[in-house]
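**Student:** Provided below: query_24.txt, containing compact mmCIF, C-alpha atoms.
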# COMPACT_ATOMS: atom_id res chain seq x y z
CA ASN A 1202 -1.84 -7.35 -8.15
CA PHE A 1203 1.82 -7.11 -9.04
CA MET A 1204 4.41 -4.44 -8.31
CA LEU A 1205 6.95 -2.73 -10.53
CA THR A 1206 10.24 -1.92 -8.81
CA GLN A 1207 12.58 0.79 -10.08
CA PRO A 1208 15.82 2.17 -8.69
CA HIS A 1209 15.17 5.30 -6.68
CA SER A 1210 17.76 7.33 -8.57
CA VAL A 1211 20.41 7.15 -11.24
CA SER A 1212 22.95 9.68 -12.40
CA GLU A 1213 25.21 9.98 -15.40
CA SER A 1214 27.15 12.56 -17.34
CA PRO A 1215 26.03 14.33 -20.49
CA GLY A 1216 26.73 12.34 -23.62
CA LYS A 1217 26.74 9.01 -21.77
CA THR A 1218 24.15 6.21 -21.75
CA VAL A 1219 21.91 5.35 -18.82
CA ILE A 1220 19.65 2.34 -18.31
CA ILE A 1221 16.70 2.43 -15.93
CA SER A 1222 15.28 -0.93 -14.89
CA CYS A 1223 11.75 -1.92 -13.93
CA THR A 1224 11.24 -5.35 -12.37
CA ARG A 1225 7.84 -7.02 -12.22
CA SER A 1226 7.11 -8.87 -8.98
CA SER A 1227 4.74 -11.53 -10.30
CA GLY A 1228 3.51 -12.58 -13.68
CA SER A 1229 5.62 -12.35 -16.78
CA ILE A 1230 6.99 -8.97 -17.87
CA ALA A 1231 6.45 -10.14 -21.42
CA SER A 1232 2.74 -10.83 -20.99
CA ASN A 1233 1.68 -7.15 -21.07
CA TYR A 1234 3.05 -4.03 -22.71
CA VAL A 1235 5.29 -1.72 -20.68
CA GLN A 1236 5.16 2.06 -20.97
CA TRP A 1237 7.67 4.66 -19.79
CA TYR A 1238 6.72 8.19 -18.78
CA GLN A 1239 8.93 11.21 -18.23
CA GLN A 1240 7.87 13.76 -15.64
CA ARG A 1241 9.61 17.06 -15.19
CA PRO A 1242 9.07 19.04 -11.96
CA GLY A 1243 5.68 20.69 -11.82
CA SER A 1244 4.43 19.02 -15.01
CA ALA A 1245 2.23 16.11 -15.93
CA PRO A 1246 3.92 12.94 -17.20
CA THR A 1247 4.45 12.40 -20.91
CA VAL A 1248 5.02 9.06 -22.58
CA VAL A 1249 8.47 8.39 -24.04
CA ILE A 1250 8.05 4.66 -24.76
CA TYR A 1251 4.84 2.71 -25.30
CA ASP A 1252 4.12 -0.91 -26.13
CA THR A 1253 7.49 -1.85 -24.55
CA ASN A 1254 9.70 -0.50 -27.35
CA GLU A 1255 7.76 2.01 -29.45
CA ARG A 1256 8.50 5.73 -29.50
CA PRO A 1257 5.76 8.32 -29.98
CA SER A 1258 6.42 10.89 -32.65
CA GLY A 1259 8.50 13.72 -31.28
CA VAL A 1260 10.49 11.54 -28.87
CA PRO A 1261 14.12 11.33 -30.02
CA ASP A 1262 15.57 7.97 -30.97
CA ARG A 1263 17.98 8.33 -28.05
CA PHE A 1264 15.17 6.76 -26.03
CA SER A 1265 14.57 3.03 -26.38
CA GLY A 1266 12.79 0.30 -24.45
CA SER A 1267 13.30 -3.42 -24.03
CA ILE A 1268 12.46 -6.36 -21.81
CA ASP A 1269 14.54 -9.19 -20.33
CA SER A 1270 12.46 -12.22 -19.51
CA SER A 1271 15.27 -13.86 -17.55
CA SER A 1272 15.16 -11.06 -14.97
CA ASN A 1273 11.46 -10.34 -15.53
CA SER A 1274 12.26 -6.73 -16.09
CA ALA A 1275 11.90 -3.91 -18.57
CA SER A 1276 14.51 -1.27 -19.28
CA LEU A 1277 14.53 2.27 -20.56
CA THR A 1278 17.80 3.23 -22.25
CA ILE A 1279 18.67 6.84 -22.88
CA SER A 1280 21.78 7.39 -24.95
CA GLY A 1281 23.65 10.61 -25.65
CA LEU A 1282 22.33 12.08 -22.42
CA LYS A 1283 21.36 15.74 -22.41
CA THR A 1284 20.72 17.98 -19.45
CA GLU A 1285 17.11 18.28 -20.62
CA ASP A 1286 16.65 14.54 -19.96
CA GLU A 1287 16.90 15.21 -16.23
CA ALA A 1288 13.49 14.18 -14.87
CA ASP A 1289 11.61 11.45 -13.06
CA TYR A 1290 10.85 8.34 -15.11
CA TYR A 1291 8.03 5.91 -14.40
CA CYS A 1292 7.41 2.51 -15.89
CA GLN A 1293 3.84 1.28 -16.16
CA SER A 1294 2.13 -1.95 -17.13
CA TYR A 1295 -1.18 -3.66 -16.58
CA ASP A 1296 -2.83 -6.89 -15.58
CA SER A 1297 -5.72 -8.24 -17.65
CA ILE A 1298 -6.56 -4.71 -18.78
CA THR A 1299 -8.37 -4.09 -15.54
CA SER A 1300 -5.54 -2.98 -13.30
CA TRP A 1301 -2.90 -0.46 -14.28
CA VAL A 1302 0.31 -0.32 -12.23
CA PHE A 1303 3.08 2.27 -12.07
CA GLY A 1304 6.59 1.74 -10.80
CA GLY A 1305 7.89 3.83 -7.94
CA GLY A 1306 9.76 6.18 -10.25
CA THR A 1307 13.45 6.86 -10.89
CA LYS A 1308 15.02 10.28 -10.56
CA LEU A 1309 17.53 10.80 -13.35
CA THR A 1310 20.26 13.33 -12.68
CA VAL A 1311 22.44 14.43 -15.56
CA LEU A 1312 25.59 15.77 -13.94
CA GLN B 263 -6.25 19.38 -30.37
CA VAL B 264 -6.81 17.11 -27.39
CA THR B 265 -7.01 18.79 -24.01
CA LEU B 266 -8.11 17.65 -20.57
CA ARG B 267 -8.62 19.79 -17.49
CA GLU B 268 -9.31 18.72 -13.93
CA SER B 269 -11.43 20.78 -11.59
CA GLY B 270 -12.58 20.42 -8.02
CA PRO B 271 -11.95 21.62 -4.49
CA ALA B 272 -8.40 22.37 -3.43
CA LEU B 273 -9.19 21.55 0.19
CA VAL B 274 -11.44 18.91 1.71
CA LYS B 275 -11.93 17.84 5.31
CA PRO B 276 -11.28 14.31 6.56
CA THR B 277 -14.27 11.97 6.12
CA GLN B 278 -15.74 14.17 3.36
CA THR B 279 -16.40 12.98 -0.19
CA LEU B 280 -14.23 14.43 -2.95
CA THR B 281 -15.77 15.13 -6.35
CA LEU B 282 -13.47 15.87 -9.28
CA THR B 283 -14.45 16.70 -12.84
CA CYS B 284 -12.37 16.10 -15.94
CA SER B 285 -13.50 18.32 -18.82
CA PHE B 286 -12.05 17.34 -22.16
CA SER B 287 -12.08 18.38 -25.79
CA GLY B 288 -10.64 17.23 -29.08
CA PHE B 289 -11.90 13.65 -28.93
CA LEU B 290 -15.07 11.65 -28.46
CA LEU B 291 -15.33 9.39 -25.43
CA SER B 292 -18.07 7.59 -27.33
CA ARG B 293 -15.54 6.38 -29.90
CA SER B 294 -14.71 2.68 -29.74
CA GLY B 295 -11.59 1.95 -27.68
CA MET B 296 -11.44 5.32 -25.94
CA SER B 297 -11.17 5.69 -22.17
CA VAL B 298 -10.51 8.35 -19.55
CA ASN B 299 -8.54 7.47 -16.46
CA TRP B 300 -7.83 9.08 -13.10
CA ILE B 301 -4.32 8.93 -11.68
CA ARG B 302 -2.97 10.59 -8.54
CA GLN B 303 0.42 11.54 -7.15
CA PRO B 304 1.05 12.43 -3.51
CA PRO B 305 3.65 15.17 -3.08
CA GLY B 306 7.11 13.77 -3.80
CA LYS B 307 5.75 10.27 -4.41
CA ALA B 308 4.89 7.96 -7.27
CA LEU B 309 1.94 7.88 -9.63
CA GLU B 310 -1.02 5.70 -8.69
CA TRP B 311 -3.75 4.66 -11.12
CA LEU B 312 -7.22 5.02 -9.62
CA ALA B 313 -10.00 4.38 -12.09
CA ARG B 314 -11.00 4.16 -15.72
CA ILE B 315 -14.20 4.53 -17.70
CA ASP B 316 -14.48 3.22 -21.23
CA TRP B 317 -16.37 4.43 -24.26
CA ASP B 318 -19.00 1.73 -23.66
CA TYR B 319 -19.47 2.67 -19.97
CA ASP B 320 -17.32 -0.20 -18.63
CA LYS B 321 -15.64 0.88 -15.41
CA TYR B 322 -12.50 -0.32 -13.64
CA TYR B 323 -11.13 0.58 -10.23
CA SER B 324 -7.92 0.23 -8.25
CA THR B 325 -8.25 -2.89 -6.13
CA SER B 326 -7.12 -1.09 -2.98
CA LEU B 327 -9.54 1.84 -3.40
CA LYS B 328 -12.52 0.35 -5.20
CA THR B 329 -14.84 0.59 -2.20
CA ARG B 330 -14.33 4.38 -2.09
CA LEU B 331 -14.34 5.29 -5.79
CA THR B 332 -17.06 5.97 -8.32
CA ILE B 333 -16.40 7.05 -11.89
CA SER B 334 -19.01 8.26 -14.35
CA LYS B 335 -19.23 10.14 -17.62
CA ASP B 336 -21.48 12.60 -19.32
CA THR B 337 -20.70 12.20 -22.99
CA SER B 338 -22.89 15.13 -24.02
CA LYS B 339 -20.89 17.46 -21.76
CA ASN B 340 -17.51 15.86 -22.49
CA GLN B 341 -16.94 15.29 -18.81
CA VAL B 342 -15.82 12.46 -16.56
CA VAL B 343 -16.47 12.66 -12.83
CA LEU B 344 -14.63 10.83 -10.06
CA THR B 345 -15.89 10.69 -6.50
CA MET B 346 -13.79 9.43 -3.63
CA ALA B 347 -15.49 8.83 -0.30
CA ARG B 348 -14.09 9.02 3.22
CA MET B 349 -11.17 11.28 2.40
CA ASP B 350 -8.11 11.06 4.66
CA PRO B 351 -4.95 13.16 4.90
CA VAL B 352 -3.04 10.38 3.10
CA ASP B 353 -5.23 11.12 0.07
CA THR B 354 -3.54 14.51 -0.31
CA ALA B 355 -2.23 14.43 -3.86
CA THR B 356 -2.29 15.92 -7.32
CA TYR B 357 -5.11 14.25 -9.21
CA TYR B 358 -4.75 13.85 -12.98
CA CYS B 359 -7.14 12.71 -15.64
CA ALA B 360 -5.63 11.11 -18.70
CA ARG B 361 -6.90 9.78 -21.98
CA MET B 362 -6.16 6.32 -23.26
CA ALA B 363 -6.91 5.69 -26.94
CA THR B 364 -4.85 2.55 -27.41
CA THR B 365 -2.54 1.08 -24.78
CA TYR B 366 -1.05 4.08 -22.99
CA PHE B 367 -1.99 7.39 -21.41
CA ASP B 368 -1.35 9.73 -24.31
CA TYR B 369 -2.85 13.00 -23.09
CA TRP B 370 -2.93 14.25 -19.52
CA GLY B 371 -4.49 17.19 -17.77
CA GLN B 372 -2.28 19.55 -15.82
CA GLY B 373 -3.47 18.05 -12.55
CA THR B 374 -5.26 19.52 -9.56
CA LEU B 375 -3.82 19.48 -6.06
CA VAL B 376 -6.23 18.28 -3.38
CA THR B 377 -5.26 18.74 0.26
CA VAL B 378 -7.09 16.84 2.97
CA SER B 379 -6.97 18.69 6.26
CA SER B 380 -9.27 19.80 9.01
Can I see the file as structure tokens?

**Tutor:**
Amino acid sequence: NFMLTQPHSVSESPGKTVIISCTRSSGSIASNYVQWYQQRPGSAPTVVIYDTNERPSGVPDRFSGSIDSSSNSASLTISGLKTEDEADYYCQSYDSITSWVFGGGTKLTVL
Amino acid sequence: QVTLRESGPALVKPTQTLTLTCSFSGFLLSRSGMSVNWIRQPPGKALEWLARIDWDYDKYYSTSLKTRLTISKDTSKNQVVLTMARMDPVDTATYYCARMATTYFDYWGQGTLVTVSS
């Protein structure tokens, strides 16, 4: 199995842009889709990005996803930060559709 | 609309077997491509995928926990059951069930907190 490594926390001011990274330990980041989930305290996660760079309906276009094969990592970019974006964010991918892996989560603080 | 709800004991003793039920509505687990998954989250820690059962009864388990897990479904009752044997205090977590219709977990239950303590 592989691991997905995320920064423990990030912080930024309202209106700014933040990028959360997710680095895959083995195997290519590009070989399987990456998802991003937002989890507010006391609530179940909800998906904000699926299939690496797709947004579900209802998720604002301030959220975007990408991958960088050179660093074997995926990124979640949130632009025009709002206080309501403050939450934990988890990346998730899979291996051969039989093993689903989550990153360790990143706590986003919007100061 | 799609809903999922987890149920089971809030407290189990070490070495006991945990049985959790996911009751769902708004979709058919018999539909091609559909699956229900179990995911857990220890307090203050990250999400961990545990198991999955597909529409065609295929089953998949976390490599690290596969010897302790069993997943099953009762399509007529719209339920998925997860059992976890030999519970330990480190298994204390909120347990979620979540639907996967394509490539991501699109609907989640609210989660049920299970505490393992004597």

**Student:** Residues within 9 Å of (-0.3, -8.2, -21.6), file coordinates, counting all atoms listed in the file: what are they? Give the list as number ranges by chain.

**Tutor:** A: 1229-1235, 1294-1298

**Student:** Dump as JSON, numbers by chain the residues of chain A that approach chain B to within 10 Å, counting only C-alpha atoms.

**Tutor:** {"A": [1202, 1233, 1234, 1235, 1236, 1237, 1238, 1242, 1243, 1244, 1245, 1246, 1247, 1248, 1249, 1250, 1251, 1252, 1257, 1289, 1290, 1291, 1292, 1293, 1294, 1295, 1298, 1299, 1300, 1301, 1302, 1303, 1304, 1305, 1306, 1307]}

**Student:** Between CA of Met346 in chain B and CA of Thr281 in chain B, what is the spacing in Å?

**Tutor:**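 Distance reported for this atom pair: 6.6 Å.
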
**Student:** Could you check how far CA of Phe1203 in chain A sits from CA of Arg302 in chain B, in Å to one decimal?

**Tutor:**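 Separation between CA of Phe1203 in chain A and CA of Arg302 in chain B: 18.3 Å.
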
**Student:** Which centre and which edge lengths, in Å to one decimal, describe the axis-aligned box that holds all listed atoms of range 1223-1237 of chain A after 4 Å is added on each side, as AutoDock Vina command-line options?

**Tutor:**
--center_x 6.7 --center_y -4.0 --center_z -15.8 --size_x 18.1 --size_y 25.2 --size_z 21.7
